[in-house]
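Undergrad: Next up, data_3.pdb (PDB, C-alpha atoms).
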ATOM      1  CA  MET X  24     -23.415   2.253   5.030
ATOM      2  CA  HIS X  25     -23.718  -1.485   5.656
ATOM      3  CA  TRP X  26     -21.739  -2.281   2.509
ATOM      4  CA  LEU X  27     -18.970   0.011   3.762
ATOM      5  CA  LEU X  28     -18.941  -1.825   7.088
ATOM      6  CA  LEU X  29     -18.712  -5.103   5.205
ATOM      7  CA  VAL X  30     -15.755  -3.905   3.122
ATOM      8  CA  LEU X  31     -14.007  -2.708   6.272
ATOM      9  CA  ALA X  32     -14.685  -6.099   7.877
ATOM     10  CA  GLY X  33     -13.073  -7.789   4.871
ATOM     11  CA  LEU X  34     -10.042  -5.506   5.104
ATOM     12  CA  ALA X  35      -9.719  -6.305   8.804
ATOM     13  CA  GLU X  36      -9.734  -9.986   7.808
ATOM     14  CA  VAL X  37      -6.825  -9.278   5.461
ATOM     15  CA  ALA X  38      -5.057  -7.492   8.317
ATOM     16  CA  PHE X  39      -5.434 -10.454  10.655
ATOM     17  CA  ALA X  40      -4.041 -12.801   8.014
ATOM     18  CA  PHE X  41      -1.077 -10.430   7.561
ATOM     19  CA  CYS X  42      -0.500 -10.477  11.333
ATOM     20  CA  LEU X  43      -0.454 -14.283  11.311
ATOM     21  CA  GLY X  44       2.114 -14.251   8.518
ATOM     22  CA  LYS X  45       4.298 -11.789  10.424
ATOM     23  CA  ALA X  46       3.940 -13.810  13.645
ATOM     24  CA  LYS X  47       5.109 -16.917  11.806
ATOM     25  CA  LEU X  48       8.294 -15.107  10.738
ATOM     26  CA  ALA X  49       8.913 -13.285  14.039
ATOM     27  CA  THR X  50      11.082 -14.336  16.915
ATOM     28  CA  SER X  51       9.247 -15.611  19.967
ATOM     29  CA  SER X  52       9.298 -12.243  21.766
ATOM     30  CA  ASP X  53       8.073 -10.317  18.715
ATOM     31  CA  SER X  54       5.444 -12.885  17.819
ATOM     32  CA  VAL X  55       3.418 -12.034  20.933
ATOM     33  CA  GLY X  56       2.748  -8.545  19.552
ATOM     34  CA  TRP X  57       1.732  -9.949  16.181
ATOM     35  CA  TYR X  58      -0.623 -12.439  17.826
ATOM     36  CA  ALA X  59      -2.153  -9.613  19.871
ATOM     37  CA  ALA X  60      -2.629  -7.580  16.687
ATOM     38  CA  PHE X  61      -4.181 -10.662  15.071
ATOM     39  CA  ALA X  62      -6.698 -10.951  17.910
ATOM     40  CA  CYS X  63      -7.623  -7.251  17.647
ATOM     41  CA  CYS X  64      -8.035  -7.399  13.873
ATOM     42  CA  ALA X  65     -10.044 -10.624  14.082
ATOM     43  CA  GLY X  66     -12.344  -9.137  16.718
ATOM     44  CA  LEU X  67     -12.809  -5.985  14.643
ATOM     45  CA  SER X  68     -13.507  -8.015  11.516
ATOM     46  CA  PHE X  69     -16.205 -10.112  13.180
ATOM     47  CA  TYR X  70     -17.722  -7.058  14.880
ATOM     48  CA  LEU X  71     -17.991  -5.133  11.599
ATOM     49  CA  LEU X  72     -19.376  -8.199   9.834
ATOM     50  CA  ASN X  73     -22.011  -8.495  12.537
ATOM     51  CA  LEU X  74     -22.969  -4.820  12.155
ATOM     52  CA  SER X  75     -23.323  -5.212   8.386
ATOM     53  CA  LEU X  76     -25.724  -8.120   8.904
ATOM     54  CA  ALA X  77     -28.324  -5.724  10.278
ATOM     55  CA  GLN X  78     -29.254  -4.844   6.671
ATOM     56  CA  LEU X  79     -27.536  -7.389   4.417
ATOM     57  CA  PRO X  80     -28.486 -11.026   3.806
ATOM     58  CA  VAL X  81     -26.190 -13.315   5.775
ATOM     59  CA  GLY X  82     -25.292 -15.502   2.794
ATOM     60  CA  THR X  83     -24.315 -12.555   0.632
ATOM     61  CA  ALA X  84     -22.464 -10.740   3.404
ATOM     62  CA  TYR X  85     -20.488 -13.822   4.407
ATOM     63  CA  ALA X  86     -19.556 -14.616   0.797
ATOM     64  CA  VAL X  87     -18.432 -11.038   0.128
ATOM     65  CA  TRP X  88     -16.510 -10.897   3.429
ATOM     66  CA  THR X  89     -14.636 -14.108   2.697
ATOM     67  CA  GLY X  90     -14.072 -13.029  -0.915
ATOM     68  CA  ILE X  91     -12.482  -9.747   0.159
ATOM     69  CA  GLY X  92     -10.417 -11.660   2.680
ATOM     70  CA  ALA X  93      -9.304 -14.257   0.162
ATOM     71  CA  VAL X  94      -8.323 -11.814  -2.569
ATOM     72  CA  GLY X  95      -6.702  -9.417  -0.104
ATOM     73  CA  THR X  96      -4.791 -12.175   1.637
ATOM     74  CA  VAL X  97      -3.420 -13.474  -1.652
ATOM     75  CA  ALA X  98      -2.363  -9.918  -2.550
ATOM     76  CA  VAL X  99      -0.653  -9.502   0.827
ATOM     77  CA  GLY X 100       1.019 -12.880   0.410
ATOM     78  CA  VAL X 101       2.399 -11.877  -2.984
ATOM     79  CA  LEU X 102       3.439  -8.357  -1.989
ATOM     80  CA  ALA X 103       4.644  -8.875   1.582
ATOM     81  CA  PHE X 104       5.701 -12.499   1.764
ATOM     82  CA  GLY X 105       6.867 -13.349  -1.750
ATOM     83  CA  ASP X 106       4.129 -15.873  -2.542
ATOM     84  CA  PRO X 107       4.036 -16.844  -6.223
ATOM     85  CA  LEU X 108       1.399 -15.358  -8.517
ATOM     86  CA  THR X 109       0.929 -17.872 -11.285
ATOM     87  CA  GLY X 110      -1.437 -17.643 -14.228
ATOM     88  CA  PRO X 111      -3.964 -20.093 -12.772
ATOM     89  CA  ARG X 112      -3.974 -18.291  -9.407
ATOM     90  CA  LEU X 113      -4.555 -14.980 -11.153
ATOM     91  CA  PHE X 114      -7.377 -16.461 -13.249
ATOM     92  CA  PHE X 115      -9.203 -17.778 -10.187
ATOM     93  CA  LEU X 116      -8.675 -14.528  -8.279
ATOM     94  CA  ILE X 117     -10.282 -12.637 -11.151
ATOM     95  CA  THR X 118     -13.248 -15.028 -11.173
ATOM     96  CA  LEU X 119     -13.548 -14.621  -7.391
ATOM     97  CA  ILE X 120     -13.589 -10.826  -7.714
ATOM     98  CA  GLY X 121     -16.246 -11.105 -10.417
ATOM     99  CA  SER X 122     -18.337 -13.320  -8.179
ATOM    100  CA  VAL X 123     -18.099 -10.910  -5.255
ATOM    101  CA  LEU X 124     -19.081  -7.973  -7.470
ATOM    102  CA  GLY X 125     -21.938 -10.022  -8.916
ATOM    103  CA  LEU X 126     -23.276 -10.816  -5.445
ATOM    104  CA  LYS X 127     -23.188  -7.131  -4.542
ATOM    105  CA  ALA X 128     -25.004  -6.235  -7.767
ATOM    106  CA  VAL X 129     -27.896  -8.628  -7.144
ATOM    107  CA  SER X 130     -28.264  -7.997  -3.405
ATOM    108  CA  PRO X 131     -30.392  -5.330  -1.723
TER
END
How does the structure come out when it is put into structure tokens?

TA:
Amino acid sequence: MHWLLLVLAGLAEVAFAFCLGKAKLATSSDSVGWYAAFACCAGLSFYLLNLSLAQLPVGTAYAVWTGIGAVGTVAVGVLAFGDPLTGPRLFFLITLIGSVLGLKAVSP
């Protein structure tokens, strides 16, 4: 259950990064809604991370949370905002995913 909360926290982190990207592109009146959505997603992300820490080691949970956020944010950047996906970026994303999976495998 705590791993599920941690994954959801990481996905909420991706959502708040998406909201920041949309706010950057929005007009001033629309950006307020995106900033509000950012604040909600950020609050949810930190809340779920905190809940997961009841059973998971803080170092592992934080590393997995940021890893999910990093990989997810790059994916959102590529798919939603047209960010480039070069060979080196893909290589390091794959190593990051492997590291996150490795941390989960060796953690309680």

Undergrad: For X:Tyr70, work out the shell of residues within 10 Å, counting all atoms listed in the file and skipping chain neighbours fewer than 4 positions away, then give it as a list in words.

TA: Leu28, Leu29, Ala32, Cys64, Ala65, Gly66, Leu74 and Ser75 of chain X

Undergrad: Which residues, protein or nucleic acid, reach to within 12 Å of (-27.5, -4.9, -4.5) in the file's coordinates when using all atoms listed in the file, and can you give that as a list in words?

TA: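 Checking each residue against the 12 Å limit leaves His25, Trp26, Gln78, Leu79, Pro80, Thr83, Ala84, Val87, Val123, Leu124, Gly125, Leu126, Lys127, Ala128, Val129, Ser130 and Pro131 of chain X.
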
Undergrad: Which residues would end up in the selection if the PyMOL selection byres ((chain X and resi 39) around 10) were applied here, given that I need the answer as a list in words?

TA: Gly33, Leu34, Ala35, Glu36, Val37, Ala38, Ala40, Phe41, Cys42, Leu43, Gly44, Lys45, Trp57, Tyr58, Ala59, Ala60, Phe61, Ala62, Cys63, Cys64, Ala65, Gly66, Leu67, Ser68, Gly92 and Thr96 of chain X

Undergrad: Box for stretch 29-48 of chain X: with edges along x, y and z, all listed atoms inside and 5 Å added on each side, what are the centre and edge lengths in Å to one decimal, as lines of an AutoDock Vina configuration file?

TA:
center_x = -5.2
center_y = -9.8
center_z = 8.4
size_x = 37.0
size_y = 24.2
size_z = 20.5

Undergrad: Kindly indicate which residue among X:Ala86, X:Val99, X:Ala46, X:Val94 lies nearest to X:Arg112, using all atoms listed in the file for the distances.

TA: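 Closest candidate: X:Val94.
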
Undergrad: Have a look at atom CA of X:Leu31 and atom CA of X:Leu116 and let me know their distance in Å, one decimal.

TA: 19.5 Å

Undergrad: Find the residue from X:Ala49, X:Leu72, X:Ala103, X:Leu119 that sits nearest to X:Trp88; use all atoms listed in the file when measuring.

TA: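 Result for the nearest residue to X:Trp88: X:Leu72.
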
Undergrad: Given the choices X:Val97, X:Gly82, X:Thr89, X:Phe114, which gets closest to X:Phe69 if the distance is worked out from all atoms listed in the file?

TA: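 Once distances to X:Phe69 are computed over all atoms listed in the file, the minimum belongs to X:Thr89.
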
Undergrad: Atom CA of X:Gly95 and atom CA of X:Thr118 are how many Å apart?

TA: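 Those two atoms sit 14.0 Å apart.
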
Undergrad: Kindly give the distance, in Å, that separates atom CA of X:Ser52 and atom CA of X:Ala98, rounded to a single decimal.

TA: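 These two atoms are separated by 27.1 Å.
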
Undergrad: Export stretch 35-64 of chain X from the structure block above, keeping N, CA and C atoms, as a tab-separated table (two decimals), in the first residue's frame.

TA:
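File written: result15.tsv
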chain	number	residue	atom	x	y	z
X	35	ALA	N	1.65	12.69	-9.08
X	35	ALA	CA	1.18	14.04	-8.76
X	35	ALA	C	2.30	15.06	-8.98
X	36	GLU	N	3.55	14.65	-8.75
X	36	GLU	CA	4.68	15.53	-9.04
X	36	GLU	C	4.76	15.81	-10.55
X	37	VAL	N	4.54	14.78	-11.35
X	37	VAL	CA	4.52	14.97	-12.80
X	37	VAL	C	3.39	15.93	-13.18
X	38	ALA	N	2.24	15.78	-12.54
X	38	ALA	CA	1.10	16.65	-12.83
X	38	ALA	C	1.42	18.09	-12.47
X	39	PHE	N	2.11	18.33	-11.35
X	39	PHE	CA	2.39	19.73	-11.03
X	39	PHE	C	3.42	20.33	-11.96
X	40	ALA	N	4.34	19.53	-12.48
X	40	ALA	CA	5.27	20.03	-13.48
X	40	ALA	C	4.55	20.36	-14.78
X	41	PHE	N	3.59	19.51	-15.17
X	41	PHE	CA	2.77	19.77	-16.36
X	41	PHE	C	2.02	21.09	-16.19
X	42	CYS	N	1.43	21.31	-15.02
X	42	CYS	CA	0.69	22.55	-14.76
X	42	CYS	C	1.60	23.77	-14.88
X	43	LEU	N	2.84	23.66	-14.41
X	43	LEU	CA	3.77	24.78	-14.56
X	43	LEU	C	4.07	25.05	-16.02
X	44	GLY	N	4.24	23.99	-16.80
X	44	GLY	CA	4.48	24.16	-18.23
X	44	GLY	C	3.31	24.83	-18.93
X	45	LYS	N	2.09	24.42	-18.58
X	45	LYS	CA	0.90	25.02	-19.17
X	45	LYS	C	0.74	26.48	-18.72
X	46	ALA	N	1.06	26.77	-17.46
X	46	ALA	CA	0.96	28.14	-16.97
X	46	ALA	C	1.93	29.05	-17.70
X	47	LYS	N	3.11	28.53	-18.01
X	47	LYS	CA	4.11	29.31	-18.74
X	47	LYS	C	3.60	29.71	-20.12
X	48	LEU	N	2.82	28.83	-20.75
X	48	LEU	CA	2.32	29.08	-22.10
X	48	LEU	C	0.98	29.82	-22.12
X	49	ALA	N	0.31	29.90	-20.98
X	49	ALA	CA	-1.04	30.48	-20.93
X	49	ALA	C	-1.00	32.00	-20.89
X	50	THR	N	-2.13	32.57	-21.25
X	50	THR	CA	-2.28	34.01	-21.08
X	50	THR	C	-2.44	34.29	-19.59
X	51	SER	N	-2.32	35.54	-19.22
X	51	SER	CA	-2.33	35.88	-17.79
X	51	SER	C	-3.60	35.43	-17.09
X	52	SER	N	-4.76	35.52	-17.74
X	52	SER	CA	-6.00	35.11	-17.07
X	52	SER	C	-6.09	33.59	-16.94
X	53	ASP	N	-5.62	32.86	-17.93
X	53	ASP	CA	-5.64	31.40	-17.86
X	53	ASP	C	-4.56	30.85	-16.94
X	54	SER	N	-3.47	31.57	-16.79
X	54	SER	CA	-2.37	31.05	-15.99
X	54	SER	C	-2.75	30.91	-14.52
X	55	VAL	N	-3.68	31.72	-14.05
X	55	VAL	CA	-4.11	31.63	-12.65
X	55	VAL	C	-4.67	30.23	-12.36
X	56	GLY	N	-5.47	29.71	-13.27
X	56	GLY	CA	-6.03	28.36	-13.08
X	56	GLY	C	-4.95	27.30	-13.08
X	57	TRP	N	-3.95	27.46	-13.96
X	57	TRP	CA	-2.87	26.49	-13.99
X	57	TRP	C	-2.02	26.55	-12.73
X	58	TYR	N	-1.81	27.77	-12.21
X	58	TYR	CA	-1.05	27.89	-10.96
X	58	TYR	C	-1.84	27.30	-9.79
X	59	ALA	N	-3.15	27.46	-9.80
X	59	ALA	CA	-3.98	26.85	-8.75
X	59	ALA	C	-3.90	25.32	-8.84
X	60	ALA	N	-3.96	24.79	-10.06
X	60	ALA	CA	-3.84	23.34	-10.24
X	60	ALA	C	-2.46	22.86	-9.80
X	61	PHE	N	-1.43	23.66	-10.10
X	61	PHE	CA	-0.08	23.34	-9.63
X	61	PHE	C	-0.06	23.21	-8.11
X	62	ALA	N	-0.63	24.18	-7.42
X	62	ALA	CA	-0.62	24.16	-5.96
X	62	ALA	C	-1.35	22.93	-5.41
X	63	CYS	N	-2.47	22.57	-6.02
X	63	CYS	CA	-3.22	21.39	-5.58
X	63	CYS	C	-2.41	20.12	-5.81
X	64	CYS	N	-1.82	20.00	-6.99
X	64	CYS	CA	-1.03	18.80	-7.30
X	64	CYS	C	0.21	18.72	-6.41
